[in-house]
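Student: Hey, dropping work.csv in here, CSV, C-alpha atoms and all ligand atoms:
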chain,number,residue,atom,x,y,z
P,275,MET,CA,-44.7,128.9,-54.0
P,276,PHE,CA,-46.9,131.5,-55.7
P,277,GLU,CA,-49.3,133.4,-53.4
P,278,LEU,CA,-51.9,135.7,-54.9
P,279,ASP,CA,-53.7,137.9,-52.3
P,280,GLN,CA,-56.6,140.0,-53.5
P,281,LEU,CA,-55.0,140.5,-56.8
P,282,SER,CA,-57.1,142.7,-59.2
P,283,VAL,CA,-56.5,143.8,-62.8
P,284,SER,CA,-58.7,146.6,-64.1
P,285,PHE,CA,-59.1,148.7,-67.2
P,286,GLY,CA,-60.7,151.8,-65.9
P,287,THR,CA,-64.0,150.7,-64.3
P,288,ALA,CA,-63.9,147.3,-66.0
P,289,THR,CA,-62.4,144.7,-63.7
P,290,ALA,CA,-60.9,141.7,-65.6
P,291,LEU,CA,-59.7,140.0,-62.4
P,292,ARG,CA,-61.3,140.8,-59.1
P,293,GLU,CA,-59.4,140.1,-55.8
P,294,ALA,CA,-58.1,136.7,-56.8
P,295,THR,CA,-56.7,134.9,-53.8
P,296,LEU,CA,-54.9,131.7,-54.5
P,297,THR,CA,-51.8,129.7,-53.5
P,298,ILE,CA,-49.9,127.5,-55.9
P,299,ARG,CA,-47.5,125.1,-54.3
P,300,PRO,CA,-44.8,123.0,-56.0
P,301,GLY,CA,-46.3,120.1,-57.8
P,302,ASP,CA,-49.9,121.5,-57.7
P,303,ARG,CA,-51.8,120.8,-60.9
P,304,LEU,CA,-54.5,123.5,-61.0
P,305,GLY,CA,-57.1,123.7,-63.8
P,306,VAL,CA,-58.8,127.1,-64.5
P,307,VAL,CA,-62.1,126.9,-66.3
P,308,GLY,CA,-64.8,129.4,-67.3
P,309,GLU,CA,-66.4,130.9,-70.3
P,310,SER,CA,-64.5,133.3,-72.7
P,311,GLY,CA,-63.8,136.6,-71.0
P,312,SER,CA,-63.9,135.3,-67.5
P,313,GLY,CA,-60.3,136.4,-66.7
P,314,LYS,CA,-58.4,133.1,-67.1
P,315,THR,CA,-55.7,134.5,-69.3
P,316,MET,CA,-55.4,137.7,-67.2
P,317,LEU,CA,-54.8,135.4,-64.1
P,318,GLY,CA,-52.0,133.7,-66.0
P,319,LEU,CA,-50.5,136.9,-67.3
P,320,SER,CA,-50.6,138.4,-63.8
P,321,LEU,CA,-48.5,135.5,-62.5
P,322,MET,CA,-45.9,136.4,-65.2
P,323,GLY,CA,-46.0,140.2,-64.6
P,324,MET,CA,-47.4,140.5,-68.1
P,325,ALA,CA,-50.7,142.2,-67.6
P,326,PRO,CA,-51.3,144.8,-70.4
P,327,ASP,CA,-49.7,148.2,-69.9
P,328,ALA,CA,-53.1,149.8,-69.8
P,329,ALA,CA,-54.1,147.7,-66.8
P,330,GLN,CA,-54.2,148.8,-63.2
P,331,VAL,CA,-52.9,146.0,-61.0
P,332,THR,CA,-53.6,146.0,-57.3
P,333,GLY,CA,-53.3,143.4,-54.5
P,334,ARG,CA,-50.3,141.3,-53.8
P,335,LEU,CA,-48.3,138.5,-55.4
P,336,THR,CA,-45.4,136.9,-53.7
P,337,VAL,CA,-43.2,134.2,-55.2
P,338,ASP,CA,-41.2,132.1,-52.7
P,339,GLY,CA,-41.6,134.9,-50.2
P,340,GLN,CA,-40.4,137.5,-52.7
P,341,GLU,CA,-42.8,140.4,-53.0
P,342,MET,CA,-43.6,141.0,-56.7
P,343,THR,CA,-46.2,143.7,-56.2
P,344,GLY,CA,-45.0,146.8,-57.9
P,345,ALA,CA,-41.8,145.0,-59.1
P,346,GLY,CA,-39.9,146.5,-62.0
P,347,GLU,CA,-39.4,144.8,-65.4
P,348,ALA,CA,-35.9,143.7,-64.4
P,349,ASP,CA,-37.3,141.7,-61.5
P,350,TRP,CA,-40.0,140.2,-63.6
P,351,GLN,CA,-37.5,139.2,-66.2
P,352,ARG,CA,-35.4,137.4,-63.6
P,353,LEU,CA,-38.6,135.6,-62.3
P,354,ARG,CA,-39.5,134.6,-65.9
P,355,ALA,CA,-36.0,133.4,-66.6
P,356,ARG,CA,-36.0,131.1,-63.5
P,357,LYS,CA,-39.4,130.4,-62.0
P,358,VAL,CA,-42.3,130.7,-64.3
P,359,ALA,CA,-43.1,130.1,-68.0
P,360,MET,CA,-46.2,130.3,-70.1
P,361,ILE,CA,-47.4,128.5,-73.2
P,362,PHE,CA,-50.2,129.7,-75.4
P,363,GLN,CA,-52.9,128.4,-77.6
P,364,GLU,CA,-51.3,129.1,-81.0
P,365,PRO,CA,-47.9,127.6,-81.2
P,366,MET,CA,-47.2,129.0,-84.7
P,367,SER,CA,-47.4,132.6,-83.7
P,368,ALA,CA,-45.2,132.1,-80.7
P,369,LEU,CA,-42.3,130.7,-82.8
P,370,ASN,CA,-39.9,132.7,-84.9
P,371,PRO,CA,-40.6,131.4,-88.5
P,372,LEU,CA,-37.1,132.2,-89.6
P,373,ARG,CA,-35.2,130.3,-86.9
P,374,ARG,CA,-34.7,126.6,-86.7
P,375,VAL,CA,-36.6,125.3,-83.7
P,376,GLY,CA,-33.5,123.8,-82.1
P,377,ASP,CA,-31.9,127.3,-82.0
P,378,THR,CA,-35.1,128.8,-80.6
P,379,VAL,CA,-34.8,126.4,-77.7
P,380,ALA,CA,-31.0,126.7,-77.3
P,381,ASP,CA,-30.8,130.5,-77.5
P,382,PRO,CA,-32.2,131.2,-74.0
P,383,LEU,CA,-30.0,128.5,-72.5
P,384,ARG,CA,-26.9,130.3,-73.8
P,385,ILE,CA,-28.2,133.8,-73.0
P,386,HIS,CA,-29.9,133.3,-69.6
P,387,MET,CA,-28.3,130.1,-68.3
P,388,GLY,CA,-24.7,130.7,-69.5
P,389,LEU,CA,-24.3,127.5,-71.4
P,390,SER,CA,-21.8,127.1,-74.2
P,391,ALA,CA,-23.3,126.6,-77.7
P,392,ALA,CA,-22.5,122.9,-77.6
P,393,GLU,CA,-24.0,122.5,-74.1
P,394,ALA,CA,-27.1,124.4,-75.2
P,395,ASP,CA,-27.6,122.2,-78.3
P,396,ALA,CA,-27.2,119.1,-76.1
P,397,ARG,CA,-29.7,120.4,-73.6
P,398,ALA,CA,-32.2,121.3,-76.4
P,399,LEU,CA,-31.9,117.7,-77.6
P,400,ASP,CA,-32.6,116.4,-74.0
P,401,LEU,CA,-35.6,118.7,-73.8
P,402,PHE,CA,-36.9,117.5,-77.2
P,403,ARG,CA,-36.6,113.9,-75.9
P,404,GLU,CA,-38.3,114.9,-72.6
P,405,VAL,CA,-41.4,116.3,-74.4
P,406,GLY,CA,-41.7,113.2,-76.6
P,407,MET,CA,-40.6,114.8,-79.9
P,408,PRO,CA,-40.5,112.1,-82.6
P,409,ASP,CA,-37.1,111.9,-84.3
P,410,PRO,CA,-35.7,114.7,-82.0
P,411,GLU,CA,-32.2,115.1,-83.7
P,412,ALA,CA,-33.8,115.8,-87.1
P,413,ARG,CA,-36.5,118.0,-85.7
P,414,LEU,CA,-34.0,120.3,-84.0
P,415,ARG,CA,-32.9,121.5,-87.5
P,416,GLN,CA,-36.4,122.1,-88.8
P,417,PHE,CA,-38.3,125.4,-89.2
P,418,PRO,CA,-41.7,125.8,-87.6
P,419,HIS,CA,-43.6,125.6,-90.9
P,420,GLU,CA,-42.1,122.1,-91.5
P,421,MET,CA,-43.8,120.8,-88.3
P,422,SER,CA,-47.3,119.7,-87.3
P,423,GLY,CA,-49.3,121.7,-84.8
P,424,GLY,CA,-48.7,119.1,-82.1
P,425,GLN,CA,-44.9,119.1,-82.8
P,426,ARG,CA,-44.8,122.9,-82.6
P,427,GLN,CA,-46.6,122.8,-79.3
P,428,ARG,CA,-44.0,120.3,-78.1
P,429,VAL,CA,-41.3,122.8,-79.1
P,430,LEU,CA,-42.9,125.5,-77.1
P,431,ILE,CA,-43.2,123.2,-74.1
P,432,ALA,CA,-39.5,122.4,-74.5
P,433,LEU,CA,-38.8,126.1,-74.6
P,434,ALA,CA,-40.9,126.7,-71.5
P,435,LEU,CA,-39.1,123.9,-69.7
P,436,ALA,CA,-35.6,125.2,-70.6
P,437,CYS,CA,-35.4,127.5,-67.6
P,438,ASP,CA,-36.6,124.7,-65.2
P,439,PRO,CA,-39.7,126.7,-64.1
P,440,ALA,CA,-41.3,126.0,-60.8
P,441,LEU,CA,-44.6,126.9,-62.4
P,442,LEU,CA,-45.8,126.2,-66.0
P,443,ILE,CA,-48.8,128.1,-67.1
P,444,ALA,CA,-50.5,126.5,-70.1
P,445,ASP,CA,-53.2,128.8,-71.6
P,446,GLU,CA,-55.6,126.7,-73.8
P,447,PRO,CA,-52.5,124.7,-75.0
P,448,THR,CA,-54.6,122.3,-77.0
P,449,THR,CA,-57.3,124.4,-78.4
P,450,ALA,CA,-55.7,124.7,-81.8
P,451,LEU,CA,-54.8,121.0,-82.1
P,452,ASP,CA,-56.6,117.9,-83.4
P,453,ALA,CA,-58.5,115.8,-80.9
P,454,ASN,CA,-56.1,112.9,-80.7
P,455,ILE,CA,-53.1,115.2,-80.3
P,456,ARG,CA,-55.0,117.2,-77.7
P,457,LEU,CA,-55.1,114.2,-75.4
P,458,ARG,CA,-51.4,113.5,-75.9
P,459,ILE,CA,-50.3,117.1,-75.1
P,460,THR,CA,-52.7,117.2,-72.1
P,461,ASP,CA,-51.2,113.9,-70.7
P,462,LEU,CA,-47.7,115.2,-71.5
P,463,LEU,CA,-48.2,118.3,-69.4
P,464,ALA,CA,-49.5,116.4,-66.5
P,465,ARG,CA,-46.6,113.9,-66.7
P,466,LEU,CA,-44.0,116.6,-66.9
P,467,ALA,CA,-45.5,118.3,-63.9
P,468,ASP,CA,-45.4,115.0,-62.0
P,469,GLN,CA,-41.9,114.1,-63.0
P,470,ARG,CA,-40.4,117.5,-62.3
P,471,GLY,CA,-42.4,118.4,-59.2
P,472,MET,CA,-43.4,121.4,-61.2
P,473,ALA,CA,-46.7,123.2,-60.6
P,474,LEU,CA,-49.0,123.4,-63.6
P,475,LEU,CA,-51.7,126.0,-64.2
P,476,PHE,CA,-53.8,124.5,-66.9
P,477,ILE,CA,-56.3,126.9,-68.4
P,478,SER,CA,-58.8,125.3,-70.7
P,479,HIS,CA,-62.3,125.3,-72.1
P,480,ASP,CA,-62.0,121.5,-72.3
P,481,LEU,CA,-63.4,119.9,-69.2
P,482,ALA,CA,-62.4,116.4,-70.2
P,483,ALA,CA,-58.8,117.7,-70.5
P,484,VAL,CA,-59.0,119.5,-67.2
P,485,ALA,CA,-60.3,116.3,-65.6
P,486,ARG,CA,-57.3,114.3,-66.9
P,487,ALA,CA,-54.5,116.8,-66.2
P,488,THR,CA,-55.4,118.4,-62.9
P,489,THR,CA,-55.9,117.6,-59.3
P,490,GLU,CA,-57.5,120.9,-58.4
P,491,ILE,CA,-59.8,123.3,-60.2
P,492,ALA,CA,-60.7,127.0,-60.0
P,493,VAL,CA,-63.9,128.1,-61.8
P,494,MET,CA,-63.9,131.7,-63.0
P,495,TYR,CA,-66.8,133.9,-64.0
P,496,GLY,CA,-66.6,137.6,-64.8
P,497,GLY,CA,-63.2,138.0,-63.3
P,498,ASP,CA,-64.0,136.2,-60.0
P,499,ILE,CA,-62.9,132.8,-58.8
P,500,VAL,CA,-66.3,131.4,-57.8
P,501,GLU,CA,-65.4,127.9,-56.8
P,502,ARG,CA,-62.3,125.9,-55.9
P,503,GLY,CA,-61.6,122.4,-54.9
P,504,ALA,CA,-60.3,119.0,-55.8
P,505,THR,CA,-61.0,118.3,-59.5
P,506,PRO,CA,-63.0,115.1,-59.0
P,507,ALA,CA,-65.1,116.6,-56.3
P,508,VAL,CA,-65.9,119.8,-58.2
P,509,LEU,CA,-66.7,118.0,-61.4
P,510,LYS,CA,-68.8,115.3,-59.7
P,511,ASP,CA,-70.7,117.6,-57.3
P,512,PRO,CA,-70.3,121.3,-58.2
P,513,ALA,CA,-71.5,123.7,-55.4
P,514,HIS,CA,-71.7,127.0,-57.3
P,515,PRO,CA,-74.7,127.6,-59.6
P,516,TYR,CA,-72.3,128.8,-62.3
P,517,THR,CA,-70.2,125.6,-62.1
P,518,ARG,CA,-73.4,123.6,-62.1
P,519,GLY,CA,-74.5,125.4,-65.3
P,520,LEU,CA,-71.2,124.8,-66.9
P,521,LEU,CA,-71.2,121.1,-66.2
P,522,GLY,CA,-74.9,120.6,-66.6
P,523,ALA,CA,-74.7,122.1,-70.0
P,524,ARG,CA,-71.9,119.7,-71.0
P,525,PRO,CA,-73.5,117.1,-73.2
P,526,ASP,CA,-70.8,114.4,-72.8
P,527,PRO,CA,-67.7,114.1,-70.7
P,528,ALA,CA,-65.9,112.3,-73.5
P,529,PRO,CA,-63.8,114.4,-76.0
P,530,GLN,CA,-66.3,115.9,-78.4
P,531,PRO,CA,-66.3,115.5,-82.2
P,532,ARG,CA,-65.9,118.3,-84.5
P,533,ARG,CA,-69.0,119.9,-85.9
P,534,ASN,CA,-68.7,121.7,-89.2
P,535,GLY,CA,-65.0,121.5,-88.8
P,536,LYS,CA,-65.2,123.5,-85.6
P,537,ARG,CA,-64.6,121.9,-82.2
P,538,PRO,CA,-67.5,122.6,-79.9
P,539,ARG,CA,-66.5,124.9,-77.0
P,540,LEU,CA,-68.0,124.8,-73.5
P,541,PRO,CA,-71.7,124.6,-74.0
P,542,THR,CA,-73.7,127.6,-73.3
P,543,ILE,CA,-75.6,128.6,-70.2
P,544,PRO,CA,-78.7,130.7,-70.9
P,545,GLY,CA,-77.8,134.3,-71.4
P,546,THR,CA,-74.5,135.7,-72.4
P,547,VAL,CA,-71.6,137.0,-70.3
P,548,PRO,CA,-72.2,140.8,-69.9
P,549,ALA,CA,-69.6,143.3,-70.9
P,550,LEU,CA,-67.1,143.7,-68.1
P,551,GLY,CA,-68.2,147.2,-67.3
P,552,ASP,CA,-71.9,146.0,-67.0
P,553,LEU,CA,-71.3,143.3,-64.5
P,554,ALA,CA,-73.1,143.6,-61.2
P,555,PRO,CA,-71.1,144.9,-58.2
P,556,GLY,CA,-72.3,141.9,-56.1
P,557,CYS,CA,-72.3,138.4,-57.5
P,558,ARG,CA,-71.1,138.6,-61.2
P,559,PHE,CA,-73.4,135.7,-62.1
P,560,SER,CA,-76.5,137.5,-61.0
P,561,GLY,CA,-78.8,138.2,-64.0
P,562,ARG,CA,-78.0,134.7,-65.4
P,563,CYS,CA,-78.3,132.7,-62.2
P,564,PRO,CA,-81.3,130.3,-61.9
P,565,VAL,CA,-81.4,130.5,-58.1
P,566,GLU,CA,-80.7,134.2,-57.7
P,567,LEU,CA,-81.7,135.9,-54.4
P,568,ALA,CA,-82.8,139.5,-53.9
P,569,HIS,CA,-79.4,140.8,-52.7
P,570,CYS,CA,-77.2,138.9,-55.1
P,571,ALA,CA,-76.7,141.8,-57.6
P,572,THR,CA,-75.6,144.2,-54.9
P,573,VAL,CA,-73.8,142.2,-52.2
P,574,ARG,CA,-70.8,140.2,-53.1
P,575,PRO,CA,-70.8,136.7,-51.7
P,576,GLU,CA,-67.8,135.7,-49.7
P,577,MET,CA,-65.8,132.6,-50.5
P,578,ARG,CA,-67.0,129.9,-48.1
P,579,ASP,CA,-65.2,126.8,-46.9
P,580,LEU,CA,-67.6,123.9,-47.6
P,581,GLY,CA,-65.2,121.3,-46.1
P,582,GLY,CA,-62.0,121.4,-48.1
P,583,ARG,CA,-63.7,123.1,-51.1
P,584,PHE,CA,-64.7,126.6,-51.5
P,585,ALA,CA,-67.5,128.5,-53.3
P,586,ALA,CA,-68.8,132.1,-53.2
P,587,CYS,CA,-72.6,132.1,-53.4
P,588,HIS,CA,-75.3,133.6,-51.2
P,589,ALA,CA,-77.5,130.6,-51.8
P,590,LEU,CA,-75.0,128.4,-49.9
P,591,GLU,CA,-75.1,130.7,-46.8
P,592,GLY,CA,-77.0,130.2,-43.6
P,593,GLY,CA,-78.5,126.9,-44.7
P,594,ALA,CA,-80.4,128.6,-47.5
B,1,LIG,N1,-56.0,145.3,-73.0
B,1,LIG,C1,-57.2,145.2,-72.6
B,1,LIG,N2,-58.0,146.3,-72.4
B,1,LIG,C2,-59.3,146.2,-71.9
B,1,LIG,N3,-59.8,145.0,-71.6
B,1,LIG,C3,-59.1,143.9,-71.7
B,1,LIG,C4,-57.8,143.9,-72.2
B,1,LIG,N4,-57.3,142.6,-72.2
B,1,LIG,C5,-58.3,141.9,-71.8
B,1,LIG,N5,-59.4,142.6,-71.4
B,1,LIG,C6,-60.7,142.1,-70.9
B,1,LIG,O1,-60.4,141.3,-69.7
B,1,LIG,C7,-61.4,140.3,-69.6
B,1,LIG,C8,-60.7,139.0,-69.3
B,1,LIG,O2,-60.1,138.6,-70.4
B,1,LIG,P1,-59.3,137.2,-70.5
B,1,LIG,O3,-58.5,137.0,-69.2
B,1,LIG,O4,-58.6,137.2,-71.7
B,1,LIG,O5,-60.5,136.1,-70.4
B,1,LIG,P2,-60.4,134.6,-70.8
B,1,LIG,O6,-59.0,134.2,-70.9
B,1,LIG,O7,-61.1,133.9,-69.6
B,1,LIG,O8,-61.2,134.4,-72.0
B,1,LIG,C9,-62.2,140.3,-70.9
B,1,LIG,O9,-63.4,140.8,-70.7
B,1,LIG,C10,-61.3,141.2,-71.9
B,1,LIG,O10,-62.2,141.9,-72.7
B,2,LIG,S1,-74.7,134.6,-55.2
B,2,LIG,FE1,-76.8,134.7,-56.0
B,2,LIG,S2,-76.7,135.2,-58.2
B,2,LIG,FE2,-74.6,134.5,-57.5
B,2,LIG,S3,-74.5,132.4,-57.9
B,2,LIG,FE3,-75.3,132.5,-55.8
B,2,LIG,S4,-77.5,132.6,-55.9
B,2,LIG,FE4,-76.7,132.9,-58.0
B,3,MG,MG,-58.0,133.4,-72.5
How would this structure read if it were set down as structure tokens?
Ligand SMILES: Nc1ncnc2c1ncn2[C@@H]1O[C@H](COP(=O)(O)OP(=O)(O)O)[C@@H](O)[C@H]1O
Ligand code: SF4
Ligand SMILES: [Mg+2]

Tutor:
Amino acid sequence: MFELDQLSVSFGTATALREATLTIRPGDRLGVVGESGSGKTMLGLSLMGMAPDAAQVTGRLTVDGQEMTGAGEADWQRLRARKVAMIFQEPMSALNPLRRVGDTVADPLRIHMGLSAAEADARALDLFREVGMPDPEARLRQFPHEMSGGQRQRVLIALALACDPALLIADEPTTALDANIRLRITDLLARLADQRGMALLFISHDLAAVARATTEIAVMYGGDIVERGATPAVLKDPAHPYTRGLLGARPDPAPQPRRNGKRPRLPTIPGTVPALGDLAPGCRFSGRCPVELAHCATVRPEMRDLGGRFAACHALEGGA
């Protein structure tokens, strides 16, 4: 169980993640959505102890009761070898171009899990099968450039699963992939989490993918988690004005076609996300919010329980 308590990540006066409080239990499938720069990746990196060196990290993170706040690199490495793994958007850059992918997956099994070379190879083959790699024996011997984007992402998922993580963090895992492969990788991640009882933190711009893969959702804006709740409830009936904007601006819940070769991202809400240092000290969404109140920019709204779901907004307070 991963417990974040008021975890913040700042760069000087710019706060990339502000007092995030969140519990991730075994088997949870939590989607994280929000525009670019809202702190999604920083949340994922914080759970891995991989916030940039320049960042100041405050607040608490405990993993299965173990206090990770202020932990040294050796403790983080142990955690990463056993409990948490992360996959990123661009599978090519995460793979060593000069190693056969089978070796890339087998290496950590020998080094961290103490398997013999033969055992590690056999386990790599099992993992390739588990992630639905076509023709897995042959693929083990290939180099990354000989594979498609979807196959490379499957290699990285296999690599992430090698240490049997309790939590898999997938940061925009399908953004670089074609539409039909996107759905398959999304479904694969959800299925793996289900079958293994593994928690999944699924960070994505793609609301259709989040709807498919997750049971809960956290909406982020300007470093704040502004709304949380069951995925169907939040997508059907968003409480926070930012979530409403995000969903209202979505033209179609179905996977969207490419336009000019580029996949559309989350549609835009009027205005742009201000630079981190220029965000209001109160509600980060003030200045763009269509229902803003006089004190929104200066007073930070508390996260309120709306009956099993949570949102932080002054307009939801006191029957307003
Ligand atoms: N090394 C860094 N130095 C200063 N600011 C950073 C650094 N890394 C990220 N940030 C800032 O932190 C904020 C959150 O970034 P990020 O978590 O990557 O957002 P997201 O993943 O939601 O797009 C951004 O405004 C980004 O500019
Ligand atoms: S707190 Fe105010 S500015 Fe922020 S979302 Fe609510 S109404 Fe809008
Ligand atoms: Mg990101």

Student: Taking into account all atoms listed in the file, which residue in the set P:Phe584, P:Phe476, P:Phe417, P:Phe559 is nearest to Gly305 of chain P?

Tutor: P:Phe476

Student: Set the distance at 12 Å and use only C-alpha atoms: which residues neighbour Ala368 of chain P once local chain neighbours fewer than 3 positions away are removed? I'd like the list as an MDAnalysis selection string.

Tutor: chainID P and resid 360:365 371 373 375 378 418 423 426:427 429:431 433:434 447

Student: Output C-alpha atoms for every residue in that selection, as an mmCIF file, in the frame of the given file.

Tutor:
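For reference, out34.cif as written:
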data_model
loop_
_atom_site.group_PDB
_atom_site.id
_atom_site.type_symbol
_atom_site.label_atom_id
_atom_site.label_comp_id
_atom_site.auth_asym_id
_atom_site.auth_seq_id
_atom_site.Cartn_x
_atom_site.Cartn_y
_atom_site.Cartn_z
ATOM 1 C CA MET P 360 -46.200 130.300 -70.100
ATOM 2 C CA ILE P 361 -47.400 128.500 -73.200
ATOM 3 C CA PHE P 362 -50.200 129.700 -75.400
ATOM 4 C CA GLN P 363 -52.900 128.400 -77.600
ATOM 5 C CA GLU P 364 -51.300 129.100 -81.000
ATOM 6 C CA PRO P 365 -47.900 127.600 -81.200
ATOM 7 C CA PRO P 371 -40.600 131.400 -88.500
ATOM 8 C CA ARG P 373 -35.200 130.300 -86.900
ATOM 9 C CA VAL P 375 -36.600 125.300 -83.700
ATOM 10 C CA THR P 378 -35.100 128.800 -80.600
ATOM 11 C CA PRO P 418 -41.700 125.800 -87.600
ATOM 12 C CA GLY P 423 -49.300 121.700 -84.800
ATOM 13 C CA ARG P 426 -44.800 122.900 -82.600
ATOM 14 C CA GLN P 427 -46.600 122.800 -79.300
ATOM 15 C CA VAL P 429 -41.300 122.800 -79.100
ATOM 16 C CA LEU P 430 -42.900 125.500 -77.100
ATOM 17 C CA ILE P 431 -43.200 123.200 -74.100
ATOM 18 C CA LEU P 433 -38.800 126.100 -74.600
ATOM 19 C CA ALA P 434 -40.900 126.700 -71.500
ATOM 20 C CA PRO P 447 -52.500 124.700 -75.000
#

Student: How would you write, as a list in words, the set of residues no farther than 6 Å from ligand LIG 1 (chain B) when counting only C-alpha atoms and all ligand atoms?

Tutor: Phe285, Ala290, Ser310, Gly311, Ser312, Gly313, Lys314, Thr315, Met316, Pro326 and Leu550 of chain P

Student: Taking into account all atoms listed in the file, which residue in the set P:Ala294, P:Val306, P:Ala348, P:Met324 is nearest to His479 of chain P?

Tutor: P:Val306

Student: Produce as a short mmCIF file (atom, residue, chain, number, x, y, z; two decimals) with C-alpha atoms, in the frame of the given file the set of residues near ligand LIG 2 (chain B), where near means within 9 Å with all atoms listed in the file considered.

Tutor:
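Printed below is result_34.cif as written:
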data_model
loop_
_atom_site.label_atom_id
_atom_site.label_comp_id
_atom_site.auth_asym_id
_atom_site.auth_seq_id
_atom_site.Cartn_x
_atom_site.Cartn_y
_atom_site.Cartn_z
CA VAL P 500 -66.30 131.40 -57.80
CA HIS P 514 -71.70 127.00 -57.30
CA PRO P 515 -74.70 127.60 -59.60
CA TYR P 516 -72.30 128.80 -62.30
CA GLY P 556 -72.30 141.90 -56.10
CA CYS P 557 -72.30 138.40 -57.50
CA ARG P 558 -71.10 138.60 -61.20
CA PHE P 559 -73.40 135.70 -62.10
CA SER P 560 -76.50 137.50 -61.00
CA GLY P 561 -78.80 138.20 -64.00
CA ARG P 562 -78.00 134.70 -65.40
CA CYS P 563 -78.30 132.70 -62.20
CA PRO P 564 -81.30 130.30 -61.90
CA VAL P 565 -81.40 130.50 -58.10
CA GLU P 566 -80.70 134.20 -57.70
CA LEU P 567 -81.70 135.90 -54.40
CA ALA P 568 -82.80 139.50 -53.90
CA HIS P 569 -79.40 140.80 -52.70
CA CYS P 570 -77.20 138.90 -55.10
CA ALA P 571 -76.70 141.80 -57.60
CA VAL P 573 -73.80 142.20 -52.20
CA ARG P 574 -70.80 140.20 -53.10
CA PRO P 575 -70.80 136.70 -51.70
CA GLU P 576 -67.80 135.70 -49.70
CA ALA P 586 -68.80 132.10 -53.20
CA CYS P 587 -72.60 132.10 -53.40
CA HIS P 588 -75.30 133.60 -51.20
CA ALA P 589 -77.50 130.60 -51.80
CA LEU P 590 -75.00 128.40 -49.90
#

Student: Considering all atoms listed in the file, can you say which of P:Leu281, P:Ala440, P:Leu451, P:Ala355 comes closest to Leu317 of chain P?

Tutor: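 Using all atoms listed in the file, the shortest distance to Leu317 of chain P belongs to P:Leu281.
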
Student: Which distance in Å separates atom CA of Ala432 of chain P and atom CA of Ala396 of chain P, to one decimal?

Tutor: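 Atom-to-atom, atom CA of Ala432 of chain P and atom CA of Ala396 of chain P are spaced 12.8 Å apart.
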
Student: Excluding Arg518 of chain P and its own-chain neighbours fewer than 4 positions away, which residues fall within 12 Å of it when counting all atoms listed in the file? Please give them as a list in words.

Tutor: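 After dropping sequence-adjacent residues, the list is Gly308, Val493, Val500, Glu501, Val508, Leu509, Lys510, Asp511, Pro512, Ala513, His514, Gly522, Ala523, Arg524, Thr542, Ile543, Cys563, Pro564, Val565 and Ala585 of chain P.
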
Student: Enter the distance from atom CA of Val484 of chain P to atom CA of Glu446 of chain P, in Å, rounded to one decimal.

Tutor: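 Computing it gives 10.3 Å between the two atoms.
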
Student: Quick one: of P:Ile455, P:Val307, P:Ala412, P:Ala554, who's nearest to ligand MG 3 (chain B), counting only C-alpha atoms and all ligand atoms?

Tutor: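 Of all the options, P:Val307 lies closest to ligand MG 3 (chain B).
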
Student: Quick one: pull the distance between atom CA of Arg356 of chain P and atom CA of Gln469 of chain P, Å, one decimal.

Tutor: 18.0 Å

Student: For ligand MG 3 (chain B), which residue out of P:Ile499, P:Ala444, P:Leu353, P:Met472 is the nearest one, using all atoms listed in the file?

Tutor: P:Ala444

Student: Please identify all polymer residues within 12 Å of Leu466 of chain P, counting all atoms listed in the file, omitting same-chain residues fewer than 4 positions from it, and present them as number ranges by chain.

Tutor: P: 301-303, 401, 403-406, 428, 431-432, 434-435, 438-442, 459-462, 470-474, 487

Student: Near Leu296 of chain P, within 7 Å and counting all atoms listed in the file, which residues show up once chain neighbours fewer than 5 positions away are dropped, as an MDAnalysis selection string?

Tutor: chainID P and resid 277:279

Student: Those selected residues, please, written with C-alpha atoms and delivered as a compact mmCIF listing (two decimals), keeping the file's coordinate frame.

Tutor:
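Everything below was put into result-v4.txt:
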# COMPACT_ATOMS: atom_id res chain seq x y z
CA GLU P 277 -49.30 133.40 -53.40
CA LEU P 278 -51.90 135.70 -54.90
CA ASP P 279 -53.70 137.90 -52.30

Student: Of the residues P:Leu414, P:Leu369, P:Leu389, P:Ile443, which is the one nearest to ligand MG 3 (chain B), using all atoms listed in the file?

Tutor: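 The closest residue to ligand MG 3 (chain B) is P:Ile443.
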